[in-house]
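Data block for final33.cif (mmCIF, C-alpha atoms):
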```
data_coords
#
loop_
_atom_site.group_PDB
_atom_site.id
_atom_site.type_symbol
_atom_site.label_atom_id
_atom_site.label_comp_id
_atom_site.auth_asym_id
_atom_site.auth_seq_id
_atom_site.Cartn_x
_atom_site.Cartn_y
_atom_site.Cartn_z
ATOM 1 C CA MET A 162 48.950 -4.990 22.087
ATOM 2 C CA ASN A 163 46.638 -6.386 19.438
ATOM 3 C CA THR A 164 44.915 -3.479 17.724
ATOM 4 C CA LEU A 165 42.643 -5.756 15.713
ATOM 5 C CA SER A 166 40.515 -6.329 18.783
ATOM 6 C CA TYR A 167 39.489 -2.664 18.758
ATOM 7 C CA LYS A 168 37.993 -2.612 15.277
ATOM 8 C CA THR A 169 34.335 -1.698 14.996
ATOM 9 C CA ILE A 170 32.303 -4.345 13.220
ATOM 10 C CA SER A 171 29.881 -2.941 10.678
ATOM 11 C CA ALA A 172 27.101 -5.223 9.453
ATOM 12 C CA ASN A 173 26.066 -5.438 5.827
ATOM 13 C CA LYS A 174 23.262 -7.119 3.932
ATOM 14 C CA ASN A 175 25.163 -10.401 3.622
ATOM 15 C CA THR A 176 26.170 -10.744 7.291
ATOM 16 C CA VAL A 177 22.832 -9.843 8.893
ATOM 17 C CA THR A 178 20.650 -12.671 10.220
ATOM 18 C CA LYS A 179 16.983 -11.753 9.984
ATOM 19 C CA GLU A 180 14.332 -13.603 11.985
ATOM 20 C CA TRP A 181 10.539 -13.605 11.984
ATOM 21 C CA VAL A 182 8.848 -12.304 15.136
ATOM 22 C CA LEU A 183 5.169 -12.578 16.115
ATOM 23 C CA VAL A 184 3.615 -9.896 18.338
ATOM 24 C CA ASP A 185 0.127 -10.015 19.826
ATOM 25 C CA ALA A 186 -1.289 -6.483 19.996
ATOM 26 C CA GLU A 187 -4.340 -7.292 22.104
ATOM 27 C CA ASN A 188 -4.885 -4.686 24.893
ATOM 28 C CA GLN A 189 -1.605 -2.906 24.043
ATOM 29 C CA THR A 190 -1.311 0.882 23.943
ATOM 30 C CA VAL A 191 -0.748 2.111 20.380
ATOM 31 C CA GLY A 192 2.249 4.378 20.982
ATOM 32 C CA ARG A 193 4.137 2.056 23.317
ATOM 33 C CA LEU A 194 3.619 -0.895 20.996
ATOM 34 C CA ALA A 195 4.681 1.165 17.969
ATOM 35 C CA THR A 196 7.965 2.305 19.528
ATOM 36 C CA ARG A 197 8.948 -1.217 20.509
ATOM 37 C CA VAL A 198 8.045 -2.653 17.105
ATOM 38 C CA ALA A 199 9.929 0.167 15.346
ATOM 39 C CA ASN A 200 13.032 -0.690 17.382
ATOM 40 C CA ILE A 201 12.746 -4.344 16.365
ATOM 41 C CA LEU A 202 12.248 -3.399 12.696
ATOM 42 C CA ARG A 203 15.232 -1.083 12.839
ATOM 43 C CA GLY A 204 17.450 -3.690 14.514
ATOM 44 C CA LYS A 205 18.232 -1.676 17.618
ATOM 45 C CA THR A 206 17.596 -4.694 19.845
ATOM 46 C CA LYS A 207 20.512 -6.580 18.254
ATOM 47 C CA PRO A 208 24.188 -6.205 19.205
ATOM 48 C CA CYS A 209 25.191 -5.872 15.524
ATOM 49 C CA PHE A 210 23.071 -2.743 14.921
ATOM 50 C CA THR A 211 24.342 -0.607 12.051
ATOM 51 C CA PRO A 212 22.393 2.607 11.343
ATOM 52 C CA HIS A 213 22.557 2.494 7.539
ATOM 53 C CA VAL A 214 21.719 -1.221 7.098
ATOM 54 C CA ASP A 215 18.440 -3.123 7.305
ATOM 55 C CA CYS A 216 19.473 -5.407 10.169
ATOM 56 C CA GLY A 217 16.086 -5.686 11.887
ATOM 57 C CA ASP A 218 13.689 -8.597 12.019
ATOM 58 C CA ASN A 219 10.480 -9.224 10.096
ATOM 59 C CA VAL A 220 7.550 -8.457 12.409
ATOM 60 C CA ILE A 221 4.052 -9.958 12.250
ATOM 61 C CA ILE A 222 1.425 -8.182 14.360
ATOM 62 C CA ILE A 223 -1.861 -9.948 15.043
ATOM 63 C CA ASN A 224 -5.034 -8.645 16.721
ATOM 64 C CA ALA A 225 -4.350 -5.099 15.516
ATOM 65 C CA ASP A 226 -8.047 -4.316 15.861
ATOM 66 C CA LYS A 227 -7.784 -4.732 19.656
ATOM 67 C CA VAL A 228 -5.169 -2.026 20.363
ATOM 68 C CA VAL A 229 -6.213 0.737 22.750
ATOM 69 C CA PHE A 230 -5.676 4.470 22.984
ATOM 70 C CA THR A 231 -5.288 6.199 26.330
ATOM 71 C CA GLY A 232 -7.588 9.048 27.283
ATOM 72 C CA LYS A 233 -9.989 10.360 24.659
ATOM 73 C CA LYS A 234 -7.653 9.864 21.690
ATOM 74 C CA GLU A 235 -10.023 7.372 20.060
ATOM 75 C CA THR A 236 -12.419 10.218 19.224
ATOM 76 C CA ASP A 237 -10.326 13.395 19.624
ATOM 77 C CA LYS A 238 -7.130 12.490 17.720
ATOM 78 C CA ILE A 239 -7.198 13.583 14.068
ATOM 79 C CA TYR A 240 -5.373 12.007 11.127
ATOM 80 C CA GLN A 241 -4.893 14.543 8.324
ATOM 81 C CA ARG A 242 -4.025 13.888 4.689
ATOM 82 C CA TYR A 243 -3.980 15.948 1.531
ATOM 83 C CA THR A 244 -5.253 14.746 -1.841
ATOM 84 C CA GLY A 245 -3.149 17.196 -3.835
ATOM 85 C CA TYR A 246 -6.085 19.220 -5.108
ATOM 86 C CA PRO A 247 -7.245 22.644 -3.884
ATOM 87 C CA GLY A 248 -9.470 22.161 -0.867
ATOM 88 C CA GLY A 249 -8.414 18.537 -0.690
ATOM 89 C CA GLN A 250 -7.446 18.321 2.980
ATOM 90 C CA ARG A 251 -9.194 15.345 4.574
ATOM 91 C CA GLU A 252 -9.523 14.514 8.265
ATOM 92 C CA THR A 253 -10.519 11.346 10.071
ATOM 93 C CA THR A 254 -10.410 9.931 13.584
ATOM 94 C CA PRO A 255 -9.069 6.581 14.849
ATOM 95 C CA ALA A 256 -12.640 5.442 15.535
ATOM 96 C CA LYS A 257 -13.539 5.843 11.839
ATOM 97 C CA VAL A 258 -10.302 4.189 10.692
ATOM 98 C CA ARG A 259 -10.863 1.269 13.070
ATOM 99 C CA ALA A 260 -14.304 0.689 11.524
ATOM 100 C CA THR A 261 -12.923 0.320 7.976
ATOM 101 C CA HIS A 262 -9.194 -0.633 8.138
ATOM 102 C CA PRO A 263 -8.142 -1.363 11.749
ATOM 103 C CA GLU A 264 -4.577 -2.347 10.815
ATOM 104 C CA ARG A 265 -3.843 1.138 9.450
ATOM 105 C CA ILE A 266 -3.774 2.624 12.952
ATOM 106 C CA LEU A 267 -0.644 0.654 13.853
ATOM 107 C CA GLU A 268 0.877 0.994 10.383
ATOM 108 C CA HIS A 269 0.561 4.781 10.565
ATOM 109 C CA ALA A 270 2.087 4.956 14.038
ATOM 110 C CA ILE A 271 5.020 2.661 13.195
ATOM 111 C CA ARG A 272 5.759 4.311 9.832
ATOM 112 C CA GLY A 273 6.131 7.670 11.585
ATOM 113 C CA MET A 274 8.824 6.194 13.857
ATOM 114 C CA LEU A 275 11.005 4.861 11.025
ATOM 115 C CA PRO A 276 13.563 6.902 9.028
ATOM 116 C CA LYS A 277 12.136 9.136 6.314
ATOM 117 C CA ASN A 278 14.287 7.778 3.455
ATOM 118 C CA ARG A 279 14.771 4.657 1.298
ATOM 119 C CA LEU A 280 15.946 2.669 4.307
ATOM 120 C CA GLY A 281 12.712 3.511 6.132
ATOM 121 C CA ALA A 282 10.683 2.318 3.136
ATOM 122 C CA ASP A 283 12.626 -0.969 3.097
ATOM 123 C CA LEU A 284 12.152 -1.407 6.833
ATOM 124 C CA PHE A 285 8.403 -0.804 6.534
ATOM 125 C CA ARG A 286 8.160 -3.681 4.036
ATOM 126 C CA ASN A 287 9.275 -6.009 6.852
ATOM 127 C CA LEU A 288 6.093 -5.211 8.817
ATOM 128 C CA HIS A 289 2.973 -7.350 8.419
ATOM 129 C CA VAL A 290 -0.143 -6.247 10.337
ATOM 130 C CA TYR A 291 -3.344 -8.294 10.576
ATOM 131 C CA ALA A 292 -6.626 -7.358 12.252
ATOM 132 C CA GLY A 293 -7.500 -10.875 13.410
ATOM 133 C CA SER A 294 -5.523 -13.648 15.040
ATOM 134 C CA GLU A 295 -4.795 -15.477 11.760
ATOM 135 C CA HIS A 296 -1.817 -14.755 9.509
ATOM 136 C CA PRO A 297 -0.406 -16.436 6.358
ATOM 137 C CA HIS A 298 3.219 -16.611 7.598
ATOM 138 C CA GLN A 299 3.195 -19.979 9.397
ATOM 139 C CA ALA A 300 5.863 -21.321 7.024
ATOM 140 C CA GLN A 301 8.409 -18.817 8.377
ATOM 141 C CA ASN A 302 8.075 -20.282 11.915
ATOM 142 C CA PRO A 303 7.808 -16.903 13.679
ATOM 143 C CA LYS A 304 9.090 -16.640 17.219
ATOM 144 C CA VAL A 305 6.370 -15.441 19.608
ATOM 145 C CA ILE A 306 7.648 -12.642 21.845
ATOM 146 C CA ASN A 307 6.139 -10.679 24.694
ATOM 147 C CA ILE A 308 6.389 -7.065 23.561
ATOM 148 C CA ASN A 309 6.394 -5.825 27.178
ATOM 149 C CA ASP A 310 9.816 -7.443 27.697
ATOM 150 C CA ILE A 311 11.419 -5.355 24.920
ATOM 151 C CA ARG A 312 12.909 -2.034 25.987
#
```
Rewrite the structure from the file as structure tokens, please.
Amino acid sequence: MNTLSYKTISANKNTVTKEWVLVDAENQTVGRLATRVANILRGKTKPCFTPHVDCGDNVIIINADKVVFTGKKETDKIYQRYTGYPGGQRETTPAKVRATHPERILEHAIRGMLPKNRLGADLFRNLHVYAGSEHPHQAQNPKVININDIR
């Protein structure tokens, strides 16, 4: 019996093949889109997934200003942050964020689904979100995928 066939293969930075993926966010639900993009960023859709290695793809999201919330979350959901000063707790809604920086809605949702450590920070750098349909990454030849096919 050949025991070498039972060895677990662990990917590292040199053996991982990273691709560029283009996702159209038009008429997509925020949470469902964020979970699928987080899985692609993490590398969980690949057979060589290793939990402690950045083995995910680079993701470009276009039309981030056209994502939708279900129910009344557009006006009732509250994003909270703290400035660090006494009385410095600030609140805002997705409707206000969409008016100023529409790409931050998806960035916030996806960042919360990534690991809370240095690996999560590295994975988040592989995400590029744009409000319109134009992006400056044509030279990378991104592969257009249908996000509804990813599970």
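Residues of protein, DNA or RNA having at least one counted atom within 12 Å of (28.3, -10.4, 18.2), given all atoms listed in the file, are Thr169, Ile170, Ser171, Ala172, Thr176, Val177, Thr178, Lys207, Pro208, Cys209 and Phe210 of chain A.
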Residues from the last selection, C-alpha atoms, saved as a PDB file, in the frame of the given file:
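For reference, again.pdb as written:
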```
ATOM      1  CA  THR A 169      34.335  -1.698  14.996  1.00  0.00           C
ATOM      2  CA  ILE A 170      32.303  -4.345  13.220  1.00  0.00           C
ATOM      3  CA  SER A 171      29.881  -2.941  10.678  1.00  0.00           C
ATOM      4  CA  ALA A 172      27.101  -5.223   9.453  1.00  0.00           C
ATOM      5  CA  THR A 176      26.170 -10.744   7.291  1.00  0.00           C
ATOM      6  CA  VAL A 177      22.832  -9.843   8.893  1.00  0.00           C
ATOM      7  CA  THR A 178      20.650 -12.671  10.220  1.00  0.00           C
ATOM      8  CA  LYS A 207      20.512  -6.580  18.254  1.00  0.00           C
ATOM      9  CA  PRO A 208      24.188  -6.205  19.205  1.00  0.00           C
ATOM     10  CA  CYS A 209      25.191  -5.872  15.524  1.00  0.00           C
ATOM     11  CA  PHE A 210      23.071  -2.743  14.921  1.00  0.00           C
TER      12      PHE A 210
END
```
Could you check how far atom CA of Tyr243 of chain A sits from atom CA of Ala195 of chain A, in Å to one decimal?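 Here the two named atoms are 23.7 Å from each other.
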Give the answer as one residue: which of A:Val220, A:Ala270, A:Leu284, A:Ala225 has the shortest atom-to-atom distance to Ala186 of chain A, using all atoms listed in the file? A:Ala225
Can you work out which one of A:Ile201, A:Val191, A:Ala292, A:Val229 has the shortest atom-to-atom distance to Pro263 of chain A, counting all atoms listed in the file? A:Ala292
When you draw a straight line from atom CA of Leu267 of chain A to atom CA of Val290 of chain A, how long is it in Å? 7.8 Å
Check which residues satisfy the PyMOL selection byres ((chain A and resi 285) around 12) in the file shown, then give them as a PyMOL selection string. chain A and resi 198-203+215+217-221+267-284+286-290
Applied to the shown file, which residues does the PyMOL selection byres ((chain A and resi 226) around 8) return, written as a PyMOL selection string? chain A and resi 187+224-225+227-228+259+263-264+292-293
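Atom pair atom CA of Asn307 of chain A / atom CA of Phe230 of chain A: separated by 19.3 Å.
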Pull out every residue that the PyMOL selection byres ((chain A and resi 237) around 12) matches in the shown coordinates and put them as a short mmCIF file (atom, residue, chain, number, x, y, z; two decimals) with C-alpha atoms, keeping the file's coordinate frame.
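Written file, expr11.cif:
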```
data_model
loop_
_atom_site.label_atom_id
_atom_site.label_comp_id
_atom_site.auth_asym_id
_atom_site.auth_seq_id
_atom_site.Cartn_x
_atom_site.Cartn_y
_atom_site.Cartn_z
CA PHE A 230 -5.68 4.47 22.98
CA THR A 231 -5.29 6.20 26.33
CA GLY A 232 -7.59 9.05 27.28
CA LYS A 233 -9.99 10.36 24.66
CA LYS A 234 -7.65 9.86 21.69
CA GLU A 235 -10.02 7.37 20.06
CA THR A 236 -12.42 10.22 19.22
CA LYS A 238 -7.13 12.49 17.72
CA ILE A 239 -7.20 13.58 14.07
CA TYR A 240 -5.37 12.01 11.13
CA GLU A 252 -9.52 14.51 8.26
CA THR A 253 -10.52 11.35 10.07
CA THR A 254 -10.41 9.93 13.58
CA PRO A 255 -9.07 6.58 14.85
CA ALA A 256 -12.64 5.44 15.54
CA LYS A 257 -13.54 5.84 11.84
#
```
Pick from A:Arg265, A:Arg242, A:Lys205, A:His213 nearest to Arg312 of chain A, counting all atoms listed in the file: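 Checking each candidate against Arg312 of chain A, we get A:Lys205 as the closest.
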Which one is closest to Pro297 of chain A: A:Lys174, A:Ile223, A:Gly192, A:Tyr167? Count only C-alpha atoms.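 Nearest to Pro297 of chain A: A:Ile223.
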Box dimensions and centre (Å, one decimal) enclosing segment 200-219 of chain A, axis-aligned, 8 Å extra per side, as JSON:
```
{"center_x": 17.8, "center_y": -3.3, "center_z": 13.5, "size_x": 30.7, "size_y": 27.8, "size_z": 28.7}
```
Kindly indicate which residue among A:Gln250, A:Ile222, A:Lys179, A:Leu194 lies nearest to His298 of chain A, using all atoms listed in the file for the distances.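 With all atoms listed in the file as the atom set, the closest residue is A:Ile222.
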A:Gly245, A:Val258, A:Ser294, A:Val184 ranked by distance to Ile311 of chain A, top pick (using all atoms listed in the file): A:Val184
Your completed segment 281-292 of chain A with all heavy atoms, as a PDB file, in the frame of the given file:
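Resulting contents of selection26.pdb:
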```
ATOM      1  N   GLY A 281      13.982   3.594   5.420  1.00  0.00           N
ATOM      2  CA  GLY A 281      12.712   3.511   6.132  1.00  0.00           C
ATOM      3  C   GLY A 281      11.648   2.794   5.314  1.00  0.00           C
ATOM      4  O   GLY A 281      10.849   2.030   5.845  1.00  0.00           O
ATOM      5  N   ALA A 282      11.642   3.010   4.001  1.00  0.00           N
ATOM      6  CA  ALA A 282      10.683   2.318   3.136  1.00  0.00           C
ATOM      7  C   ALA A 282      10.973   0.819   3.107  1.00  0.00           C
ATOM      8  O   ALA A 282      10.057  -0.004   3.127  1.00  0.00           O
ATOM      9  CB  ALA A 282      10.730   2.900   1.731  1.00  0.00           C
ATOM     10  N   ASP A 283      12.260   0.449   3.075  1.00  0.00           N
ATOM     11  CA  ASP A 283      12.626  -0.969   3.097  1.00  0.00           C
ATOM     12  C   ASP A 283      12.273  -1.613   4.433  1.00  0.00           C
ATOM     13  O   ASP A 283      11.824  -2.759   4.484  1.00  0.00           O
ATOM     14  CB  ASP A 283      14.120  -1.137   2.830  1.00  0.00           C
ATOM     15  CG  ASP A 283      14.483  -0.826   1.388  1.00  0.00           C
ATOM     16  OD1 ASP A 283      13.575  -0.836   0.531  1.00  0.00           O
ATOM     17  OD2 ASP A 283      15.672  -0.567   1.116  1.00  0.00           O
ATOM     18  N   LEU A 284      12.481  -0.881   5.517  1.00  0.00           N
ATOM     19  CA  LEU A 284      12.152  -1.407   6.833  1.00  0.00           C
ATOM     20  C   LEU A 284      10.649  -1.618   6.975  1.00  0.00           C
ATOM     21  O   LEU A 284      10.199  -2.591   7.590  1.00  0.00           O
ATOM     22  CB  LEU A 284      12.651  -0.467   7.929  1.00  0.00           C
ATOM     23  CG  LEU A 284      14.156  -0.305   8.073  1.00  0.00           C
ATOM     24  CD1 LEU A 284      14.471   0.777   9.088  1.00  0.00           C
ATOM     25  CD2 LEU A 284      14.806  -1.597   8.475  1.00  0.00           C
ATOM     26  N   PHE A 285       9.860  -0.703   6.419  1.00  0.00           N
ATOM     27  CA  PHE A 285       8.403  -0.804   6.534  1.00  0.00           C
ATOM     28  C   PHE A 285       7.865  -2.026   5.793  1.00  0.00           C
ATOM     29  O   PHE A 285       6.834  -2.577   6.167  1.00  0.00           O
ATOM     30  CB  PHE A 285       7.736   0.474   6.020  1.00  0.00           C
ATOM     31  CG  PHE A 285       6.267   0.528   6.290  1.00  0.00           C
ATOM     32  CD1 PHE A 285       5.787   0.705   7.575  1.00  0.00           C
ATOM     33  CD2 PHE A 285       5.359   0.392   5.261  1.00  0.00           C
ATOM     34  CE1 PHE A 285       4.427   0.744   7.833  1.00  0.00           C
ATOM     35  CE2 PHE A 285       3.999   0.432   5.499  1.00  0.00           C
ATOM     36  CZ  PHE A 285       3.529   0.604   6.789  1.00  0.00           C
ATOM     37  N   ARG A 286       8.587  -2.482   4.761  1.00  0.00           N
ATOM     38  CA  ARG A 286       8.160  -3.681   4.036  1.00  0.00           C
ATOM     39  C   ARG A 286       8.322  -4.942   4.882  1.00  0.00           C
ATOM     40  O   ARG A 286       7.774  -5.983   4.540  1.00  0.00           O
ATOM     41  CB  ARG A 286       8.948  -3.825   2.744  1.00  0.00           C
ATOM     42  CG  ARG A 286       8.537  -2.839   1.691  1.00  0.00           C
ATOM     43  CD  ARG A 286       9.200  -3.107   0.356  1.00  0.00           C
ATOM     44  NE  ARG A 286       9.093  -1.928  -0.465  1.00  0.00           N
ATOM     45  CZ  ARG A 286      10.084  -1.056  -0.657  1.00  0.00           C
ATOM     46  NH1 ARG A 286      11.259  -1.251  -0.105  1.00  0.00           N
ATOM     47  NH2 ARG A 286       9.887  -0.003  -1.414  1.00  0.00           N
ATOM     48  N   ASN A 287       9.089  -4.859   5.967  1.00  0.00           N
ATOM     49  CA  ASN A 287       9.275  -6.009   6.852  1.00  0.00           C
ATOM     50  C   ASN A 287       8.171  -6.117   7.899  1.00  0.00           C
ATOM     51  O   ASN A 287       8.225  -6.991   8.759  1.00  0.00           O
ATOM     52  CB  ASN A 287      10.625  -5.917   7.572  1.00  0.00           C
ATOM     53  CG  ASN A 287      11.779  -5.996   6.597  1.00  0.00           C
ATOM     54  OD1 ASN A 287      11.670  -6.585   5.540  1.00  0.00           O
ATOM     55  ND2 ASN A 287      12.891  -5.381   6.950  1.00  0.00           N
ATOM     56  N   LEU A 288       7.194  -5.217   7.859  1.00  0.00           N
ATOM     57  CA  LEU A 288       6.093  -5.211   8.817  1.00  0.00           C
ATOM     58  C   LEU A 288       4.844  -5.799   8.175  1.00  0.00           C
ATOM     59  O   LEU A 288       4.482  -5.433   7.055  1.00  0.00           O
ATOM     60  CB  LEU A 288       5.806  -3.773   9.278  1.00  0.00           C
ATOM     61  CG  LEU A 288       4.631  -3.581  10.222  1.00  0.00           C
ATOM     62  CD1 LEU A 288       4.948  -4.211  11.578  1.00  0.00           C
ATOM     63  CD2 LEU A 288       4.331  -2.110  10.388  1.00  0.00           C
ATOM     64  N   HIS A 289       4.198  -6.713   8.895  1.00  0.00           N
ATOM     65  CA  HIS A 289       2.973  -7.350   8.419  1.00  0.00           C
ATOM     66  C   HIS A 289       1.947  -7.253   9.540  1.00  0.00           C
ATOM     67  O   HIS A 289       2.132  -7.851  10.598  1.00  0.00           O
ATOM     68  CB  HIS A 289       3.230  -8.808   8.055  1.00  0.00           C
ATOM     69  CG  HIS A 289       4.382  -8.984   7.114  1.00  0.00           C
ATOM     70  ND1 HIS A 289       4.258  -8.821   5.756  1.00  0.00           N
ATOM     71  CD2 HIS A 289       5.683  -9.261   7.337  1.00  0.00           C
ATOM     72  CE1 HIS A 289       5.426  -9.021   5.191  1.00  0.00           C
ATOM     73  NE2 HIS A 289       6.316  -9.290   6.136  1.00  0.00           N
ATOM     74  N   VAL A 290       0.867  -6.495   9.309  1.00  0.00           N
ATOM     75  CA  VAL A 290      -0.143  -6.247  10.337  1.00  0.00           C
ATOM     76  C   VAL A 290      -1.457  -6.887   9.910  1.00  0.00           C
ATOM     77  O   VAL A 290      -1.896  -6.715   8.768  1.00  0.00           O
ATOM     78  CB  VAL A 290      -0.334  -4.723  10.564  1.00  0.00           C
ATOM     79  CG1 VAL A 290      -1.328  -4.480  11.679  1.00  0.00           C
ATOM     80  CG2 VAL A 290       0.988  -4.060  10.876  1.00  0.00           C
ATOM     81  N   TYR A 291      -2.079  -7.621  10.850  1.00  0.00           N
ATOM     82  CA  TYR A 291      -3.344  -8.294  10.576  1.00  0.00           C
ATOM     83  C   TYR A 291      -4.342  -7.981  11.684  1.00  0.00           C
ATOM     84  O   TYR A 291      -3.985  -7.963  12.858  1.00  0.00           O
ATOM     85  CB  TYR A 291      -3.141  -9.808  10.453  1.00  0.00           C
ATOM     86  CG  TYR A 291      -2.198 -10.146   9.325  1.00  0.00           C
ATOM     87  CD1 TYR A 291      -0.868 -10.445   9.590  1.00  0.00           C
ATOM     88  CD2 TYR A 291      -2.622 -10.127   8.011  1.00  0.00           C
ATOM     89  CE1 TYR A 291       0.008 -10.725   8.555  1.00  0.00           C
ATOM     90  CE2 TYR A 291      -1.762 -10.399   6.976  1.00  0.00           C
ATOM     91  CZ  TYR A 291      -0.448 -10.698   7.245  1.00  0.00           C
ATOM     92  OH  TYR A 291       0.417 -10.959   6.221  1.00  0.00           O
ATOM     93  N   ALA A 292      -5.597  -7.750  11.293  1.00  0.00           N
ATOM     94  CA  ALA A 292      -6.626  -7.358  12.252  1.00  0.00           C
ATOM     95  C   ALA A 292      -7.034  -8.521  13.145  1.00  0.00           C
ATOM     96  O   ALA A 292      -7.288  -8.336  14.329  1.00  0.00           O
ATOM     97  CB  ALA A 292      -7.845  -6.805  11.517  1.00  0.00           C
TER      98      ALA A 292
END
```
